[in-house]
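Undergrad: Pasting structure03.pdb here (PDB, C-alpha atoms, pLDDT in the B column):
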ATOM      1  CA  MET A   1      68.645  14.791  28.247  1.00 57.00           C
ATOM      2  CA  LYS A   2      65.519  15.386  26.114  1.00 61.00           C
ATOM      3  CA  LYS A   3      64.462  12.933  23.488  1.00 62.00           C
ATOM      4  CA  PRO A   4      64.299  14.332  19.988  1.00 62.00           C
ATOM      5  CA  PHE A   5      60.783  15.005  18.580  1.00 60.00           C
ATOM      6  CA  ALA A   6      59.365  11.850  17.014  1.00 58.00           C
ATOM      7  CA  ASN A   7      58.161  12.134  13.389  1.00 65.00           C
ATOM      8  CA  ASP A   8      55.784   9.193  13.535  1.00 73.00           C
ATOM      9  CA  ALA A   9      52.606  11.325  14.064  1.00 79.00           C
ATOM     10  CA  TYR A  10      50.144  12.280  11.305  1.00 82.00           C
ATOM     11  CA  SER A  11      50.215  15.796   9.919  1.00 88.00           C
ATOM     12  CA  LEU A  12      47.112  17.989   9.850  1.00 89.00           C
ATOM     13  CA  ILE A  13      46.763  17.575   6.077  1.00 92.00           C
ATOM     14  CA  GLU A  14      46.797  13.761   6.385  1.00 90.00           C
ATOM     15  CA  ILE A  15      44.096  13.891   9.066  1.00 92.00           C
ATOM     16  CA  ILE A  16      41.898  16.195   6.964  1.00 94.00           C
ATOM     17  CA  PHE A  17      42.409  13.987   3.916  1.00 93.00           C
ATOM     18  CA  GLY A  18      41.446  10.908   5.976  1.00 93.00           C
ATOM     19  CA  PHE A  19      38.274  12.602   7.216  1.00 94.00           C
ATOM     20  CA  ALA A  20      37.381  13.580   3.639  1.00 94.00           C
ATOM     21  CA  ILE A  21      37.684   9.983   2.431  1.00 95.00           C
ATOM     22  CA  MET A  22      35.758   8.699   5.443  1.00 95.00           C
ATOM     23  CA  SER A  23      32.966  11.259   4.854  1.00 95.00           C
ATOM     24  CA  ILE A  24      32.632  10.117   1.219  1.00 95.00           C
ATOM     25  CA  PHE A  25      32.140   6.519   2.349  1.00 94.00           C
ATOM     26  CA  MET A  26      29.764   7.551   5.133  1.00 95.00           C
ATOM     27  CA  GLY A  27      27.745   9.673   2.657  1.00 95.00           C
ATOM     28  CA  ALA A  28      27.426   6.735   0.273  1.00 94.00           C
ATOM     29  CA  PHE A  29      26.371   4.509   3.167  1.00 94.00           C
ATOM     30  CA  TRP A  30      23.803   7.085   4.320  1.00 95.00           C
ATOM     31  CA  ILE A  31      22.310   7.379   0.821  1.00 94.00           C
ATOM     32  CA  THR A  32      22.072   3.589   0.537  1.00 94.00           C
ATOM     33  CA  VAL A  33      20.324   3.255   3.900  1.00 93.00           C
ATOM     34  CA  SER A  34      17.963   6.140   3.113  1.00 90.00           C
ATOM     35  CA  ASN A  35      16.964   4.648  -0.253  1.00 89.00           C
ATOM     36  CA  SER A  36      16.524   1.239   1.327  1.00 91.00           C
ATOM     37  CA  ARG A  37      14.180   2.639   3.967  1.00 89.00           C
ATOM     38  CA  ARG A  38      12.142   4.493   1.345  1.00 86.00           C
ATOM     39  CA  VAL A  39      11.801   1.404  -0.847  1.00 87.00           C
ATOM     40  CA  SER A  40      10.875  -0.671   2.183  1.00 88.00           C
ATOM     41  CA  ALA A  41       8.179   1.834   3.202  1.00 84.00           C
ATOM     42  CA  ASP A  42       6.816   1.916  -0.360  1.00 84.00           C
ATOM     43  CA  ALA A  43       6.621  -1.893  -0.421  1.00 87.00           C
ATOM     44  CA  TYR A  44       4.893  -1.939   2.972  1.00 88.00           C
ATOM     45  CA  TYR A  45       2.221   0.568   1.918  1.00 87.00           C
ATOM     46  CA  GLU A  46       1.721  -1.094  -1.460  1.00 88.00           C
ATOM     47  CA  THR A  47       1.190  -4.447   0.269  1.00 90.00           C
ATOM     48  CA  MET A  48      -1.250  -2.835   2.686  1.00 90.00           C
ATOM     49  CA  ALA A  49      -3.179  -1.180  -0.161  1.00 91.00           C
ATOM     50  CA  THR A  50      -3.391  -4.517  -1.964  1.00 93.00           C
ATOM     51  CA  GLN A  51      -4.711  -6.252   1.145  1.00 92.00           C
ATOM     52  CA  LEU A  52      -7.269  -3.501   1.748  1.00 92.00           C
ATOM     53  CA  ALA A  53      -8.437  -3.730  -1.878  1.00 93.00           C
ATOM     54  CA  LYS A  54      -8.684  -7.504  -1.726  1.00 95.00           C
ATOM     55  CA  GLU A  55     -10.641  -7.551   1.540  1.00 92.00           C
ATOM     56  CA  PRO A  56     -14.184  -6.864   0.171  1.00 92.00           C
ATOM     57  CA  VAL A  57     -13.668  -9.189  -2.796  1.00 93.00           C
ATOM     58  CA  GLU A  58     -12.771 -12.030  -0.426  1.00 93.00           C
ATOM     59  CA  VAL A  59     -15.755 -11.265   1.830  1.00 92.00           C
ATOM     60  CA  PHE A  60     -18.168 -11.163  -1.114  1.00 92.00           C
ATOM     61  CA  LYS A  61     -17.009 -14.631  -2.196  1.00 90.00           C
ATOM     62  CA  CYS A  62     -19.132 -15.958   0.666  1.00 90.00           C
ATOM     63  CA  PHE A  63     -22.324 -14.642  -0.943  1.00 88.00           C
ATOM     64  CA  ASN A  64     -24.230 -15.655  -4.032  1.00 86.00           C
ATOM     65  CA  TYR A  65     -25.235 -13.715  -7.150  1.00 87.00           C
ATOM     66  CA  LYS A  66     -28.727 -12.867  -5.903  1.00 89.00           C
ATOM     67  CA  TRP A  67     -27.415 -11.469  -2.624  1.00 89.00           C
ATOM     68  CA  LEU A  68     -24.802  -9.349  -4.429  1.00 90.00           C
ATOM     69  CA  LYS A  69     -27.384  -8.086  -6.917  1.00 88.00           C
ATOM     70  CA  GLU A  70     -29.405  -6.685  -3.989  1.00 90.00           C
ATOM     71  CA  TYR A  71     -26.381  -5.595  -1.958  1.00 90.00           C
ATOM     72  CA  SER A  72     -27.430  -1.934  -1.858  1.00 87.00           C
ATOM     73  CA  LYS A  73     -30.483  -2.969   0.218  1.00 88.00           C
ATOM     74  CA  HIS A  74     -28.472  -4.772   2.902  1.00 87.00           C
ATOM     75  CA  GLN A  75     -24.912  -3.456   2.905  1.00 86.00           C
ATOM     76  CA  ILE A  76     -22.353  -4.672   5.373  1.00 86.00           C
ATOM     77  CA  GLN A  77     -21.339  -1.651   7.449  1.00 82.00           C
ATOM     78  CA  ASP A  78     -17.610  -2.363   7.031  1.00 84.00           C
ATOM     79  CA  PHE A  79     -17.947  -2.551   3.222  1.00 88.00           C
ATOM     80  CA  PRO A  80     -20.149   0.316   2.008  1.00 88.00           C
ATOM     81  CA  ILE A  81     -20.544   0.943  -1.708  1.00 90.00           C
ATOM     82  CA  GLY A  82     -18.722   4.053  -2.889  1.00 90.00           C
ATOM     83  CA  ILE A  83     -15.714   5.917  -1.535  1.00 89.00           C
ATOM     84  CA  CYS A  84     -15.101   5.381   2.150  1.00 86.00           C
ATOM     85  CA  ALA A  85     -12.153   6.374   4.316  1.00 84.00           C
ATOM     86  CA  PHE A  86     -10.836   3.860   6.812  1.00 79.00           C
ATOM     87  CA  GLU A  87     -11.756   4.914  10.301  1.00 75.00           C
ATOM     88  CA  LYS A  88     -12.155   3.023  13.510  1.00 65.00           C
ATOM     89  CA  LEU A  89     -15.890   2.538  13.702  1.00 61.00           C
ATOM     90  CA  PRO A  90     -17.398   1.642  17.089  1.00 62.00           C
ATOM     91  CA  PHE A  91     -19.496  -1.164  15.597  1.00 65.00           C
ATOM     92  CA  SER A  92     -16.685  -2.658  13.504  1.00 70.00           C
ATOM     93  CA  SER A  93     -15.148  -5.952  14.521  1.00 74.00           C
ATOM     94  CA  ILE A  94     -12.335  -5.658  11.956  1.00 79.00           C
ATOM     95  CA  GLU A  95      -8.940  -4.659  13.296  1.00 81.00           C
ATOM     96  CA  ARG A  96      -6.694  -2.969  10.748  1.00 82.00           C
ATOM     97  CA  PRO A  97      -3.217  -1.471  11.075  1.00 83.00           C
ATOM     98  CA  ARG A  98      -3.122   2.173  12.109  1.00 82.00           C
ATOM     99  CA  GLU A  99      -1.559   3.089   8.748  1.00 83.00           C
ATOM    100  CA  SER A 100      -4.740   1.964   6.962  1.00 85.00           C
ATOM    101  CA  PHE A 101      -6.175   5.381   7.887  1.00 85.00           C
ATOM    102  CA  PHE A 102      -3.873   6.822   5.168  1.00 86.00           C
ATOM    103  CA  PHE A 103      -6.092   5.181   2.539  1.00 90.00           C
ATOM    104  CA  GLU A 104      -9.618   5.335   1.201  1.00 90.00           C
ATOM    105  CA  ARG A 105     -11.448   2.554  -0.612  1.00 92.00           C
ATOM    106  CA  ASP A 106     -13.985   2.702  -3.428  1.00 94.00           C
ATOM    107  CA  ILE A 107     -16.213  -0.375  -3.826  1.00 94.00           C
ATOM    108  CA  ARG A 108     -18.292  -0.663  -6.991  1.00 94.00           C
ATOM    109  CA  LEU A 109     -20.719  -3.416  -7.972  1.00 94.00           C
ATOM    110  CA  SER A 110     -21.954  -3.637 -11.539  1.00 92.00           C
ATOM    111  CA  GLU A 111     -23.906  -6.142 -13.548  1.00 92.00           C
ATOM    112  CA  VAL A 112     -22.041  -7.665 -16.474  1.00 91.00           C
ATOM    113  CA  SER A 113     -22.954 -10.028 -19.255  1.00 90.00           C
ATOM    114  CA  LEU A 114     -20.270 -12.231 -20.778  1.00 84.00           C
ATOM    115  CA  ARG A 115     -20.069 -15.149 -23.149  1.00 84.00           C
ATOM    116  CA  ASN A 116     -18.354 -18.306 -21.999  1.00 80.00           C
ATOM    117  CA  GLN A 117     -16.314 -20.744 -24.109  1.00 84.00           C
ATOM    118  CA  LYS A 118     -19.506 -22.408 -25.397  1.00 86.00           C
ATOM    119  CA  ASN A 119     -20.792 -18.978 -26.538  1.00 85.00           C
ATOM    120  CA  ILE A 120     -23.523 -18.983 -23.903  1.00 85.00           C
ATOM    121  CA  GLU A 121     -24.358 -15.669 -22.301  1.00 88.00           C
ATOM    122  CA  VAL A 122     -23.626 -15.618 -18.566  1.00 87.00           C
ATOM    123  CA  LYS A 123     -24.746 -12.832 -16.249  1.00 89.00           C
ATOM    124  CA  GLY A 124     -22.678 -11.845 -13.294  1.00 91.00           C
ATOM    125  CA  ILE A 125     -21.840  -9.168 -10.776  1.00 92.00           C
ATOM    126  CA  MET A 126     -18.430  -7.540 -11.030  1.00 93.00           C
ATOM    127  CA  VAL A 127     -17.020  -6.360  -7.725  1.00 93.00           C
ATOM    128  CA  LYS A 128     -14.287  -3.759  -8.137  1.00 95.00           C
ATOM    129  CA  SER A 129     -12.371  -2.479  -5.143  1.00 95.00           C
ATOM    130  CA  THR A 130      -9.959   0.432  -5.569  1.00 95.00           C
ATOM    131  CA  VAL A 131      -7.694   1.716  -2.796  1.00 93.00           C
ATOM    132  CA  ARG A 132      -5.827   5.003  -3.007  1.00 89.00           C
ATOM    133  CA  LEU A 133      -4.011   7.374  -0.700  1.00 86.00           C
ATOM    134  CA  LYS A 134      -6.113  10.130   0.787  1.00 83.00           C
ATOM    135  CA  ASN A 135      -5.568  13.480  -0.952  1.00 69.00           C
ATOM    136  CA  VAL A 136      -4.220  15.023   2.230  1.00 58.00           C
ATOM    137  CA  LEU A 137      -1.254  12.643   2.247  1.00 52.00           C
ATOM    138  CA  SER A 138      -0.127  12.918  -1.369  1.00 51.00           C
ATOM    139  CA  GLY A 139       3.094  14.716  -0.377  1.00 51.00           C
ATOM    140  CA  LEU A 140       4.495  11.914   1.777  1.00 54.00           C
ATOM    141  CA  SER A 141       7.491   9.842   0.725  1.00 50.00           C
ATOM    142  CA  PHE A 142       5.399   6.858  -0.294  1.00 54.00           C
ATOM    143  CA  SER A 143       3.176   8.971  -2.572  1.00 56.00           C
ATOM    144  CA  GLY A 144       4.604   7.154  -5.588  1.00 65.00           C
ATOM    145  CA  LEU A 145       1.973   4.525  -4.860  1.00 71.00           C
ATOM    146  CA  SER A 146      -0.675   4.477  -7.542  1.00 79.00           C
ATOM    147  CA  ASP A 147      -4.242   3.276  -7.102  1.00 88.00           C
ATOM    148  CA  VAL A 148      -4.571  -0.437  -6.402  1.00 91.00           C
ATOM    149  CA  SER A 149      -7.630  -2.066  -8.002  1.00 93.00           C
ATOM    150  CA  ILE A 150      -8.855  -5.617  -7.693  1.00 94.00           C
ATOM    151  CA  SER A 151     -11.947  -6.895  -9.426  1.00 93.00           C
ATOM    152  CA  GLU A 152     -13.707 -10.200  -9.705  1.00 92.00           C
ATOM    153  CA  ILE A 153     -16.827 -11.406 -11.470  1.00 90.00           C
ATOM    154  CA  PHE A 154     -19.333 -13.530  -9.578  1.00 89.00           C
ATOM    155  CA  PRO A 155     -21.429 -15.473 -12.105  1.00 89.00           C
ATOM    156  CA  GLU A 156     -25.125 -16.208 -11.788  1.00 84.00           C
ATOM    157  CA  GLU A 157     -25.744 -19.756 -10.629  1.00 74.00           C
TER     158      GLU A 157
END
Could you write out this file's structure as structure tokens?
TA:
Amino acid sequence: MKKPFANDAYSLIEIIFGFAIMSIFMGAFWITVSNSRRVSADAYYETMATQLAKEPVEVFKCFNYKWLKEYSKHQIQDFPIGICAFEKLPFSSIERPRESFFFERDIRLSEVSLRNQKNIEVKGIMVKSTVRLKNVLSGLSFSGLSDVSISEIFPEE
């Protein structure tokens, strides 16, 4: 004798409805993960740009006003004045992440004259380092990154 057909299985409509609900949750999860990755990449490249901008300012802290005033006569090859793209130079001893090649840096030195709290004029050299994405890469996902500039004034001794 045959057993009667059991009605405890799901119908086709219930299965399709279940897949629809599951796809909504999976879509929301996918969007969240995608946004998280984009924000993480933006933060990574912004941190890298900040470090690359800060690098020459930190190096120049080792030198005095007179040396900085005559910097154009004896430039350090890794820190040329003007716009320079990051490339692996054969003479360079500085190791940078591969992604640093996405950026270019502009180093400017200018003489400034300021008054201190005692109203005494103080001369100094302002070092300004600006890092930006290369023009070729402006269409990438992290292109929301704006220029990163760091400047510092080195007073005359």
Undergrad: Give one line per residue of range 20-54 of chain A that approaches range 97-119 of chain A to at most 8 Å, naming the two atoms of the closest pair and their distance in Å to one decimal, counting only C-alpha atoms; sort by chain then ascending residue number and deliver it as JSON lines.
TA:
{"residue": "A:Met48", "atom": "CA", "partner": "A:Ser100", "partner_atom": "CA", "distance": 7.3}
{"residue": "A:Ala49", "atom": "CA", "partner": "A:Phe103", "partner_atom": "CA", "distance": 7.5}
{"residue": "A:Leu52", "atom": "CA", "partner": "A:Arg105", "partner_atom": "CA", "distance": 7.7}
{"residue": "A:Ala53", "atom": "CA", "partner": "A:Arg105", "partner_atom": "CA", "distance": 7.1}
Undergrad: What's the 12 Å shell around Ile81 in chain A, counting all atoms listed in the file, without same-chain residues fewer than 4 positions away, as a ChimeraX atom specification?
TA: /A:56,68,70-77,85,105-110,127-130
Undergrad: Calculate how many Å separate CA of Ala41 in chain A from CA of Leu133 in chain A, rounding to one decimal.
TA: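 One can read the CA of Ala41 in chain A to CA of Leu133 in chain A distance as 13.9 Å.
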Undergrad: Using CA of Arg132 in chain A and CA of Arg96 in chain A as the two end points, give the distance in Å to one decimal.
TA: 15.9 Å
Undergrad: Could you tell me how far CA of Lys61 in chain A lies from CA of Ser146 in chain A, in Å and to one decimal?
TA: 25.7 Å
Undergrad: Go through A:Ser11, A:Asn64, A:Ser93, A:Ser36 and flag the residue nearest Gly124 in chain A, using only C-alpha atoms for the distances.
TA: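 So, comparing all the options, the nearest one is A:Asn64.
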Undergrad: Could you give me the centre and size, in Å to one decimal, of an axis-aligned box around all listed atoms of range 61-64 of chain A with 3 Å added on every side, as JSON?
TA:
{"center_x": -20.6, "center_y": -15.3, "center_z": -1.7, "size_x": 13.2, "size_y": 7.3, "size_z": 10.7}
Undergrad: With distances taken over only C-alpha atoms, which residue among A:Phe25, A:Phe60, A:Tyr10, A:Phe154 lies nearest Met126 in chain A?
TA: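 Ranked by minimum distance to Met126 in chain A, first place goes to A:Phe154.
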